[in-house]
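Asks: Just so it is clear, I am handing over final.txt, which has compact mmCIF, C-alpha atoms and all ligand atoms.
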```
# COMPACT_ATOMS: atom_id res chain seq x y z
CA MET A 1 56.38 -35.57 44.20
CA ALA A 2 58.32 -36.58 47.30
CA SER A 3 58.38 -33.60 49.64
CA VAL A 4 61.95 -34.16 50.80
CA ARG A 5 64.85 -35.74 48.97
CA VAL A 6 67.69 -37.04 51.08
CA ALA A 7 71.30 -37.60 50.09
CA VAL A 8 74.20 -38.87 52.18
CA ARG A 9 77.80 -38.01 51.34
CA VAL A 10 80.93 -39.55 52.85
CA ARG A 11 84.21 -37.60 52.65
CA PRO A 12 87.81 -38.90 52.54
CA LEU A 13 89.65 -39.81 55.76
CA ASN A 14 91.34 -36.73 57.19
CA LYS A 15 94.80 -36.49 58.77
CA ARG A 16 93.53 -37.22 62.27
CA GLU A 17 91.77 -40.34 61.03
CA LYS A 18 94.64 -41.81 59.05
CA LYS A 19 94.93 -44.75 61.45
CA SER A 20 91.18 -45.35 61.52
CA LYS A 21 89.27 -48.01 59.70
CA VAL A 22 86.79 -47.01 56.99
CA ILE A 23 83.42 -48.31 58.15
CA VAL A 24 81.09 -46.74 55.57
CA ARG A 25 80.08 -48.74 52.51
CA MET A 26 77.85 -47.44 49.74
CA LYS A 27 76.07 -49.43 47.08
CA ASP A 28 73.48 -47.99 44.70
CA ASN A 29 71.39 -45.72 46.91
CA THR A 30 72.17 -47.46 50.20
CA THR A 31 74.66 -46.54 52.90
CA SER A 32 75.91 -49.19 55.31
CA LEU A 33 77.80 -48.78 58.50
CA VAL A 34 79.82 -51.77 59.55
CA GLN A 35 80.34 -52.16 63.28
CA ALA A 36 83.52 -50.47 64.38
CA LYS A 37 84.83 -52.87 66.98
CA VAL A 38 82.75 -55.99 66.56
CA PRO A 39 84.11 -58.31 63.85
CA VAL A 40 81.64 -58.38 61.02
CA GLN A 41 80.20 -61.77 60.22
CA GLY A 42 77.55 -62.15 57.61
CA ASP A 43 75.53 -58.97 57.75
CA GLY A 44 76.36 -57.16 60.96
CA ALA A 45 76.04 -53.87 59.14
CA LYS A 46 73.33 -51.28 59.54
CA THR A 47 71.96 -50.37 56.14
CA PHE A 48 69.86 -47.36 55.21
CA ALA A 49 68.31 -46.40 51.88
CA TYR A 50 68.26 -42.79 50.72
CA ASP A 51 67.56 -41.05 47.44
CA PHE A 52 71.29 -40.77 46.88
CA SER A 53 74.38 -42.20 48.58
CA TYR A 54 77.49 -40.33 47.48
CA ASP A 55 80.88 -41.91 47.99
CA SER A 56 83.53 -39.18 47.92
CA THR A 57 86.15 -41.09 49.92
CA ASP A 58 88.63 -41.70 47.15
CA ARG A 59 89.28 -39.39 44.23
CA LYS A 60 90.96 -42.23 42.33
CA SER A 61 88.06 -44.65 42.63
CA PRO A 62 85.74 -45.07 39.61
CA ASP A 63 82.80 -44.60 42.02
CA PHE A 64 84.06 -41.23 43.31
CA VAL A 65 81.31 -38.60 43.44
CA SER A 66 82.50 -35.09 42.57
CA GLN A 67 81.14 -31.64 43.44
CA LYS A 68 79.99 -31.36 39.83
CA LYS A 69 77.98 -34.59 40.01
CA ILE A 70 76.21 -33.38 43.16
CA PHE A 71 75.31 -30.14 41.41
CA GLN A 72 74.01 -32.08 38.41
CA ASP A 73 71.84 -34.33 40.61
CA LEU A 74 70.57 -31.80 43.14
CA GLY A 75 71.46 -28.25 42.08
CA VAL A 76 69.89 -28.54 38.64
CA ASP A 77 66.58 -29.60 40.25
CA VAL A 78 66.70 -26.54 42.49
CA LEU A 79 67.15 -24.30 39.45
CA HIS A 80 64.26 -25.99 37.63
CA ALA A 81 62.03 -25.39 40.62
CA ALA A 82 63.07 -21.72 40.82
CA PHE A 83 62.41 -21.07 37.13
CA GLN A 84 58.97 -22.64 37.59
CA GLY A 85 58.29 -20.16 40.38
CA PHE A 86 58.69 -22.54 43.33
CA ASN A 87 60.79 -22.08 46.44
CA ALA A 88 63.62 -24.42 47.29
CA CYS A 89 65.76 -25.28 50.26
CA VAL A 90 68.95 -27.32 50.47
CA PHE A 91 70.57 -27.98 53.79
CA ALA A 92 73.70 -29.78 54.88
CA TYR A 93 73.50 -31.68 58.17
CA GLY A 94 76.30 -33.49 59.98
CA GLN A 95 78.91 -33.40 62.70
CA THR A 96 81.71 -30.81 62.62
CA SER A 97 84.34 -31.57 59.93
CA SER A 98 82.07 -34.01 58.11
CA GLY A 99 82.02 -31.86 54.95
CA LYS A 100 78.99 -29.54 55.22
CA SER A 101 80.80 -26.36 54.19
CA TYR A 102 82.80 -28.25 51.58
CA THR A 103 79.58 -29.56 50.03
CA MET A 104 77.69 -26.25 50.20
CA MET A 105 80.46 -23.69 49.56
CA GLY A 106 83.42 -25.81 48.47
CA GLU A 107 86.82 -24.39 47.68
CA ALA A 108 88.04 -21.98 45.01
CA ALA A 109 89.51 -24.88 43.04
CA ASP A 110 86.46 -27.08 43.44
CA LYS A 111 83.29 -25.11 44.05
CA GLY A 112 80.38 -26.45 46.04
CA LEU A 113 76.62 -26.26 45.49
CA ILE A 114 76.03 -22.60 46.35
CA PRO A 115 78.46 -21.11 43.82
CA ARG A 116 77.42 -23.67 41.21
CA ILE A 117 73.73 -22.89 41.69
CA CYS A 118 74.48 -19.15 41.31
CA GLU A 119 76.54 -19.79 38.20
CA GLY A 120 73.79 -22.00 36.76
CA LEU A 121 71.19 -19.34 37.51
CA PHE A 122 73.03 -16.60 35.61
CA CYS A 123 73.82 -18.97 32.77
CA GLU A 124 70.12 -19.80 32.38
CA ILE A 125 69.13 -16.14 32.69
CA SER A 126 71.42 -15.14 29.84
CA ALA A 127 70.12 -18.03 27.71
CA ARG A 128 66.53 -16.90 28.33
CA ASN A 129 67.35 -13.22 27.82
CA GLU A 130 67.78 -13.93 24.10
CA GLY A 131 64.06 -13.32 23.75
CA ASP A 132 62.92 -10.08 25.38
CA SER A 133 59.53 -11.05 26.72
CA MET A 134 60.97 -11.79 30.16
CA SER A 135 62.93 -9.86 32.70
CA PHE A 136 64.84 -11.25 35.67
CA HIS A 137 65.90 -9.71 38.94
CA THR A 138 68.15 -11.39 41.50
CA GLU A 139 69.03 -10.36 45.04
CA VAL A 140 70.92 -12.25 47.70
CA SER A 141 71.08 -12.15 51.47
CA TYR A 142 73.30 -14.09 53.85
CA LEU A 143 72.59 -14.52 57.54
CA GLU A 144 73.70 -16.50 60.49
CA ILE A 145 71.66 -17.89 63.38
CA TYR A 146 73.72 -18.03 66.52
CA ASN A 147 72.09 -18.87 69.85
CA GLU A 148 68.66 -18.22 68.26
CA HIS A 149 69.79 -14.69 67.26
CA VAL A 150 69.86 -13.59 63.64
CA LEU A 151 72.94 -11.74 62.40
CA ASP A 152 73.45 -10.19 58.96
CA LEU A 153 76.64 -11.56 57.37
CA LEU A 154 76.58 -8.91 54.64
CA ASN A 155 76.09 -5.87 56.80
CA LYS A 156 79.27 -3.82 56.57
CA ARG A 157 78.79 -2.46 60.08
CA PRO A 158 77.98 -5.45 62.28
CA SER A 159 78.48 -3.25 65.35
CA SER A 160 75.32 -1.38 64.39
CA ALA A 161 73.26 -4.58 64.69
CA PRO A 162 70.73 -4.56 67.51
CA LYS A 163 71.62 -6.48 70.64
CA GLY A 164 69.86 -9.83 70.56
CA GLY A 165 69.99 -9.92 66.77
CA LEU A 166 67.56 -8.94 64.02
CA ARG A 167 63.85 -9.58 64.48
CA VAL A 168 62.00 -12.26 62.57
CA ARG A 169 58.52 -11.28 61.42
CA GLU A 170 55.88 -12.90 59.29
CA HIS A 171 54.10 -11.25 56.39
CA PRO A 172 50.60 -12.71 55.76
CA VAL A 173 51.33 -13.32 52.07
CA ASP A 174 55.10 -13.24 51.63
CA GLY A 175 55.81 -15.35 54.72
CA PRO A 176 58.54 -15.02 57.36
CA TYR A 177 61.35 -12.52 56.88
CA VAL A 178 64.11 -10.83 58.86
CA GLU A 179 63.56 -7.16 59.58
CA ASN A 180 66.38 -4.91 58.28
CA LEU A 181 68.35 -7.78 56.74
CA SER A 182 70.43 -6.35 53.89
CA ARG A 183 69.65 -7.58 50.37
CA HIS A 184 72.08 -7.12 47.52
CA VAL A 185 71.18 -6.89 43.86
CA VAL A 186 73.43 -9.14 41.80
CA GLN A 187 73.84 -9.03 38.07
CA GLY A 188 76.32 -11.79 37.49
CA TYR A 189 78.41 -14.44 39.16
CA GLY A 190 81.21 -11.97 39.94
CA ASP A 191 78.87 -9.95 42.20
CA VAL A 192 77.82 -13.07 44.09
CA GLY A 193 81.39 -14.30 44.54
CA GLU A 194 82.37 -11.11 46.31
CA LEU A 195 79.37 -11.22 48.63
CA MET A 196 79.98 -14.87 49.50
CA ALA A 197 83.57 -14.10 50.43
CA THR A 198 82.48 -11.23 52.69
CA GLY A 199 79.82 -13.35 54.38
CA ASN A 200 82.08 -16.34 54.90
CA ALA A 201 84.69 -14.12 56.53
CA ASN A 202 82.02 -12.77 58.90
CA ARG A 203 80.78 -16.17 60.07
CA THR A 204 81.07 -16.63 63.80
CA THR A 205 83.61 -19.24 64.70
CA ALA A 206 84.84 -20.26 68.11
CA SER A 207 87.18 -22.96 69.22
CA THR A 208 85.69 -26.10 70.69
CA GLY A 209 87.20 -29.34 71.88
CA MET A 210 86.80 -30.86 68.45
CA ASN A 211 87.77 -28.36 65.84
CA ASP A 212 89.46 -24.99 66.19
CA ALA A 213 87.40 -23.21 63.62
CA SER A 214 84.25 -25.21 64.09
CA SER A 215 81.15 -23.40 63.21
CA ARG A 216 78.64 -23.08 66.01
CA SER A 217 76.03 -21.35 63.93
CA HIS A 218 73.64 -22.03 61.09
CA ALA A 219 74.30 -20.00 57.93
CA ILE A 220 71.55 -19.32 55.39
CA PHE A 221 72.44 -17.97 51.95
CA THR A 222 69.25 -16.91 50.17
CA ILE A 223 68.67 -16.11 46.51
CA HIS A 224 65.54 -14.00 45.93
CA PHE A 225 64.73 -14.53 42.28
CA THR A 226 62.01 -12.60 40.42
CA GLN A 227 60.82 -13.28 36.87
CA ALA A 228 58.49 -10.93 35.03
CA ARG A 229 56.70 -11.77 31.78
CA PHE A 230 55.50 -9.20 29.29
CA ASP A 231 54.33 -11.28 26.34
CA SER A 232 50.99 -12.47 27.72
CA GLU A 233 47.92 -10.25 27.99
CA LEU A 234 48.26 -10.32 31.74
CA PRO A 235 51.83 -9.44 32.63
CA CYS A 236 52.86 -11.38 35.69
CA GLU A 237 55.63 -11.62 38.21
CA MET A 238 56.86 -14.68 40.08
CA LEU A 239 59.12 -14.68 43.11
CA SER A 240 61.11 -17.74 44.17
CA LYS A 241 63.31 -18.03 47.21
CA ILE A 242 66.20 -20.46 47.27
CA HIS A 243 67.59 -21.07 50.76
CA LEU A 244 70.99 -22.76 50.92
CA VAL A 245 71.78 -23.75 54.47
CA ASP A 246 75.01 -24.81 56.14
CA LEU A 247 73.87 -26.09 59.53
CA ALA A 248 75.91 -26.00 62.73
CA GLY A 249 77.68 -29.20 63.77
CA SER A 250 75.19 -31.81 64.92
CA GLU A 251 77.42 -33.39 67.60
CA ARG A 252 75.98 -33.49 71.05
CA ALA A 253 77.22 -30.78 73.39
CA ASP A 254 79.05 -33.35 75.55
CA ALA A 255 81.04 -34.67 72.59
CA THR A 256 82.89 -31.39 72.44
CA ARG A 257 83.47 -31.23 76.22
CA ALA A 258 81.43 -28.08 76.32
CA THR A 259 80.77 -25.98 79.38
CA GLY A 260 79.28 -22.54 80.01
CA THR A 261 78.72 -20.55 76.84
CA ARG A 262 79.59 -23.53 74.66
CA LEU A 263 76.99 -25.62 76.43
CA LYS A 264 74.32 -22.97 75.91
CA GLU A 265 75.23 -22.83 72.24
CA GLY A 266 75.02 -26.60 72.12
CA ALA A 267 71.53 -26.55 73.60
CA ASN A 268 70.33 -23.96 71.09
CA ILE A 269 71.93 -25.79 68.19
CA ASN A 270 70.26 -28.97 69.29
CA LYS A 271 66.91 -27.22 69.67
CA SER A 272 66.98 -25.99 66.06
CA LEU A 273 68.21 -29.32 64.74
CA VAL A 274 65.61 -31.25 66.73
CA THR A 275 62.87 -28.89 65.49
CA LEU A 276 64.14 -29.16 61.92
CA GLY A 277 64.00 -32.95 62.26
CA SER A 278 60.42 -32.78 63.60
CA VAL A 279 59.33 -30.42 60.82
CA ILE A 280 60.84 -32.59 58.11
CA SER A 281 59.39 -35.80 59.49
CA ALA A 282 55.98 -34.15 59.99
CA LEU A 283 56.13 -33.12 56.31
CA ALA A 284 57.11 -36.66 55.28
CA ASP A 285 54.27 -37.96 57.41
CA MET A 286 51.88 -35.48 55.80
CA SER A 287 52.78 -36.63 52.30
CA ASP A 288 52.02 -40.19 53.44
CA LYS A 289 48.66 -39.12 54.81
CA GLN A 290 47.72 -37.03 51.79
CA ALA A 291 45.28 -39.65 50.52
CA THR A 292 43.40 -39.61 53.83
CA LYS A 293 43.66 -35.80 54.11
CA LYS A 294 44.52 -35.98 57.81
CA GLN A 295 45.91 -32.77 59.25
CA THR A 296 49.45 -32.76 60.58
CA PHE A 297 50.74 -30.00 62.84
CA ILE A 298 54.08 -28.64 61.64
CA PRO A 299 56.04 -26.93 64.47
CA TYR A 300 57.77 -24.31 62.29
CA ARG A 301 57.73 -21.64 64.98
CA ASP A 302 59.63 -23.70 67.55
CA SER A 303 63.01 -22.46 66.28
CA VAL A 304 64.24 -19.43 64.35
CA LEU A 305 65.76 -21.74 61.74
CA THR A 306 62.53 -23.53 60.86
CA TRP A 307 60.46 -20.38 61.08
CA LEU A 308 62.64 -18.65 58.49
CA LEU A 309 62.57 -21.68 56.21
CA LYS A 310 58.82 -22.20 56.62
CA ASP A 311 57.76 -21.33 53.08
CA SER A 312 60.59 -23.34 51.55
CA LEU A 313 59.98 -26.59 53.39
CA GLY A 314 57.20 -28.81 52.13
CA GLY A 315 54.21 -27.83 50.01
CA ASN A 316 55.30 -27.21 46.45
CA SER A 317 58.85 -26.40 47.48
CA LYS A 318 61.80 -28.50 46.59
CA THR A 319 63.48 -29.60 49.84
CA ILE A 320 66.80 -31.40 49.80
CA MET A 321 68.79 -32.63 52.77
CA ILE A 322 72.42 -33.61 52.39
CA ALA A 323 73.76 -35.53 55.36
CA THR A 324 77.54 -35.46 55.48
CA ILE A 325 79.50 -38.15 57.31
CA SER A 326 83.04 -39.16 58.19
CA PRO A 327 84.19 -42.58 56.95
CA ALA A 328 86.19 -43.37 60.12
CA ASP A 329 85.42 -45.89 62.87
CA VAL A 330 86.25 -43.29 65.55
CA ASN A 331 83.14 -41.37 64.51
CA TYR A 332 80.83 -44.41 64.55
CA GLY A 333 78.37 -42.96 67.09
CA GLU A 334 77.98 -39.56 65.43
CA THR A 335 77.75 -41.10 61.98
CA LEU A 336 75.02 -43.50 63.08
CA SER A 337 73.10 -40.64 64.63
CA THR A 338 73.40 -38.61 61.39
CA LEU A 339 72.22 -41.58 59.31
CA ARG A 340 69.20 -42.04 61.60
CA TYR A 341 68.33 -38.35 61.42
CA ALA A 342 68.56 -38.47 57.62
CA SER A 343 66.47 -41.59 57.55
CA ARG A 344 63.70 -39.99 59.62
CA ALA A 345 63.58 -37.16 57.09
CA LYS A 346 62.46 -39.56 54.39
CA SER A 347 58.83 -40.17 53.70
CA ILE A 348 57.82 -43.66 54.82
CA VAL A 349 56.21 -44.27 51.45
CA ASN A 350 59.47 -43.61 49.66
CA SER A 351 61.88 -45.42 51.94
CA PRO A 352 60.87 -49.05 52.20
CA THR A 353 64.35 -50.42 52.89
CA VAL A 354 65.55 -49.44 56.30
CA ASN A 355 67.33 -52.37 57.84
CA GLU A 356 68.77 -51.84 61.27
CA ASP A 357 69.71 -54.69 63.51
P1 LIG B 1 82.10 -28.97 58.23
O1 LIG B 1 81.66 -27.76 57.51
O2 LIG B 1 81.07 -30.08 58.24
O3 LIG B 1 82.59 -28.70 59.62
P2 LIG B 1 84.19 -29.00 56.25
O4 LIG B 1 83.33 -28.89 55.04
O5 LIG B 1 84.87 -27.76 56.68
O6 LIG B 1 83.35 -29.60 57.47
O7 LIG B 1 85.22 -30.18 56.00
C1 LIG B 1 86.30 -30.44 56.87
C2 LIG B 1 87.56 -30.70 56.04
O8 LIG B 1 87.39 -31.84 55.21
C3 LIG B 1 87.90 -29.54 55.10
O9 LIG B 1 89.28 -29.39 55.09
C4 LIG B 1 87.41 -30.00 53.75
O10 LIG B 1 88.17 -29.45 52.70
C5 LIG B 1 87.56 -31.50 53.83
N1 LIG B 1 86.49 -32.19 53.07
C6 LIG B 1 85.21 -32.30 53.44
N2 LIG B 1 84.48 -32.96 52.53
C7 LIG B 1 85.32 -33.29 51.54
C8 LIG B 1 85.18 -33.99 50.30
N3 LIG B 1 84.00 -34.49 49.91
N4 LIG B 1 86.29 -34.12 49.52
C9 LIG B 1 87.47 -33.62 49.92
N5 LIG B 1 87.67 -32.95 51.06
C10 LIG B 1 86.63 -32.78 51.88
MG MG B 2 81.60 -25.78 58.23
```
Could I get this file's structure written as structure tokens?

Replies:
Amino acid sequence: MASVRVAVRVRPLNKREKKSKVIVRMKDNTTSLVQAKVPVQGDGAKTFAYDFSYDSTDRKSPDFVSQKKIFQDLGVDVLHAAFQGFNACVFAYGQTSSGKSYTMMGEAADKGLIPRICEGLFCEISARNEGDSMSFHTEVSYLEIYNEHVLDLLNKRPSSAPKGGLRVREHPVDGPYVENLSRHVVQGYGDVGELMATGNANRTTASTGMNDASSRSHAIFTIHFTQARFDSELPCEMLSKIHLVDLAGSERADATRATGTRLKEGANINKSLVTLGSVISALADMSDKQATKKQTFIPYRDSVLTWLLKDSLGGNSKTIMIATISPADVNYGETLSTLRYASRAKSIVNSPTVNED
């Protein structure tokens, strides 16, 4: 099993890009970026292969990839893993306004992966509840990592949070966790919907040069899912964690004309994203080396983000990265950097076609 699956999704042009040229082309599982300013002759494009390349630029096109299709490809796999007792992690990576939140959370009229995964979970639970040899228990938590500090998005009294954020600790068996992070028992999709709305409203936003409400923090929505069996002679309990992560914008600090606080945020964002990249490529590397059983050091502890995700990245966990990109020529540089990051996340064994000239 590949340790990490990688998908790339391109969104429609937005209002600010209306005069821009579309420079992203997708075919089968490949994504190509045609040079923005250089006239393309023959194959001047940079082409990358991923597990999935999702073209969501044009709703009217027969190739248009919907929120539902992404759930069917990726979300259903996450649910399978959880019901088998494995952990899973899905994260969205990309520059601000590239479609991370749209892909993960979506809109009321067109829900994204997180609400669809929750819906799918409760749907499967009620199907399995027909027999009574199993019992299911679901709790959710929702946190934000801002400047390497952990904040609880579901705590009704954020002012009571300790200065410097909540502490991350590591249990020898259960793995890393956040001390005093609130967890909420949910019995159906309605419960989750309310909590998501509260958490989204609490997300830290600050204006930057690029986007007024751009998110400068990583948000992790976690489903803690327990299944208990009674029918066998040895009753057993399985816990799976599903982490659904909306990462902060990946643009370099200078791209947003940042100074002072913004610059510090930029540095911390980059640190987590760089560490996440190193962790993922170390895992990809490890799966390549499995035959030779060479040890690979995985730098989980180098950022709060990767430390918290430790037991859901690699091993038997299902890890999915969705890289979101803009179709416009004005974003050429950021898009190329996102495509390269996504490409590094892929195991060498599973990505033979990377063609960059
Ligand atoms: P990010 O979270 O990466 O900063 P958003 O998800 O907020 O970006 O997307 C920016 C804007 O683009 C939003 O208005 C969103 O509705 C729109 N958008 C993003 N992706 C898509 C898509 N695949 N289809 C339609 N609209 C999209
Ligand atoms: Mg966002």

Asks: Taking all atoms listed in the file into account, which residues have an atom no farther than 10 Å from ligand MG 2 (chain B)? I'd like them as a list in words.

Replies: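 Going residue by residue within 10 Å of ligand MG 2 (chain B), we get Ala92, Gly94, Gln95, Thr96, Ser97, Ser98, Gly99, Lys100, Ser101, Tyr102, Thr103, Met104, Met105, Gly106, Arg203, Thr205, Ala213, Ser214, Ser215, Arg216, Ser217, His218, Ala219, Asp246, Leu247, Ala248 and Gly249 of chain A.
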
Asks: Write out as a PyMOL selection string which residues come within 6 Å of A:Thr306 when counting only C-alpha atoms, dropping same-chain ones fewer than 4 positions away.

Replies: chain A and resi 276+300+310

Asks: Could you work out an axis-aligned bounding box for all listed atoms of stretch 301-305 of chain A, with 3 Å added on each of the six sides, and give its centre and edge lengths in Å to one decimal, as JSON?

Replies:
```
{"center_x": 61.7, "center_y": -21.6, "center_z": 64.6, "size_x": 14.0, "size_y": 10.3, "size_z": 11.8}
```

Asks: Pick out the closest residue to A:Asp51 from this set: A:Thr226, A:Thr31, A:Gln84, A:Gln67. Count all atoms listed in the file.

Replies: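 Counting all atoms listed in the file, the residue closest to A:Asp51 is A:Thr31.
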
Asks: Give me the residues near stretch 233-235 of chain A as a list in words, where near means some atom within 12 Å (using only C-alpha atoms) and where sequence neighbours in that chain fewer than 6 positions away do not count.

Replies: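 My reading of the contact set: Ser133, Met134, Ser135 and Gln227 of chain A.
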
Asks: Can you work out which one of A:Glu144, A:Glu124, A:Glu139, A:Asp55 has the shortest atom-to-atom distance to A:Val245, counting all atoms listed in the file?

Replies: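 When distances to A:Val245 are compared using all atoms listed in the file, the smallest one comes from A:Glu144.
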
Asks: So which one's closest to ligand LIG 1 (chain B), A:Cys89, A:Val168, A:Leu309, A:Ala109? Using all atoms listed in the file, please.

Replies: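 Comparing A:Cys89, A:Val168, A:Leu309, A:Ala109 against ligand LIG 1 (chain B), the winner is A:Ala109.
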
Asks: Please report the interatomic distance between atom CA of A:Arg25 and atom CA of A:Arg116 in Å with one decimal.

Replies: 27.6 Å

Asks: Determine the nearest neighbour of A:Val178 from the options A:Val6, A:Val90, A:Val304, A:Glu119, counting all atoms listed in the file.

Replies: A:Val304

Asks: What's the 9 Å shell around A:Tyr189, counting all atoms listed in the file, without same-chain residues fewer than 6 positions away, as a ChimeraX atom specification?

Replies: /A:115,118-119,121-122

Asks: Could you write out the selected residues, including C-alpha atoms, as a compact mmCIF listing (two decimals), keeping the file's coordinate frame?

Replies:
```txt
# COMPACT_ATOMS: atom_id res chain seq x y z
CA PRO A 115 78.46 -21.11 43.82
CA CYS A 118 74.48 -19.15 41.31
CA GLU A 119 76.54 -19.79 38.20
CA LEU A 121 71.19 -19.34 37.51
CA PHE A 122 73.03 -16.60 35.61
```

Asks: Using only C-alpha atoms and all ligand atoms, can you tell me which of A:Ile325, A:Val274, A:Ile114, A:Leu151 comes closest to ligand LIG 1 (chain B)?

Replies: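 Among the listed residues, A:Ile325 lies closest to ligand LIG 1 (chain B).
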
Asks: Dig up all the protein and nucleic acid residues within 9 Å of (73.3, -11.1, 42.1) in the file frame, using all atoms listed in the file, and format them as a PyMOL selection string.

Replies: chain A and resi 118+122+137-140+184-192+195+223

Asks: Please provide as a list in words all residues within 9 Å of A:Gly164, with the sequence filter that same-chain residues fewer than 6 positions apart are discarded (counting all atoms listed in the file).

Replies: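 Neighbouring residues, sequence-local ones excluded: Glu148, His149, Val150 and Leu151 of chain A.
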
Asks: Which value, in Å to one decimal, gives the distance between atom O9 of ligand LIG 1 (chain B) and atom CA of A:Gly260?

Replies: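 Calculated distance between atom O9 of ligand LIG 1 (chain B) and atom CA of A:Gly260 is 27.7 Å.
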
Asks: State, in Å with one decimal place, the distance from atom CA of A:Leu239 to atom CA of A:Leu305.

Replies: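 Separation between atom CA of A:Leu239 and atom CA of A:Leu305: 21.0 Å.
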
Asks: Measuring atom to atom with all atoms listed in the file, identify which of A:Ala49, A:Ile322, A:Leu181, A:Leu143 is nearest to ligand LIG 1 (chain B).

Replies: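 Checking each of A:Ala49, A:Ile322, A:Leu181, A:Leu143 against ligand LIG 1 (chain B), counting all atoms listed in the file, the winner is A:Ile322.
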
Asks: What's the 7 Å shell around A:Gly314, counting all atoms listed in the file, without same-chain residues fewer than 2 positions away, as a list of chain:residue names?

Replies: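 So, after excluding close chain neighbours, the residues are A:Ser3, A:Leu283, A:Ser312, A:Asn316, A:Ser317, A:Thr319.
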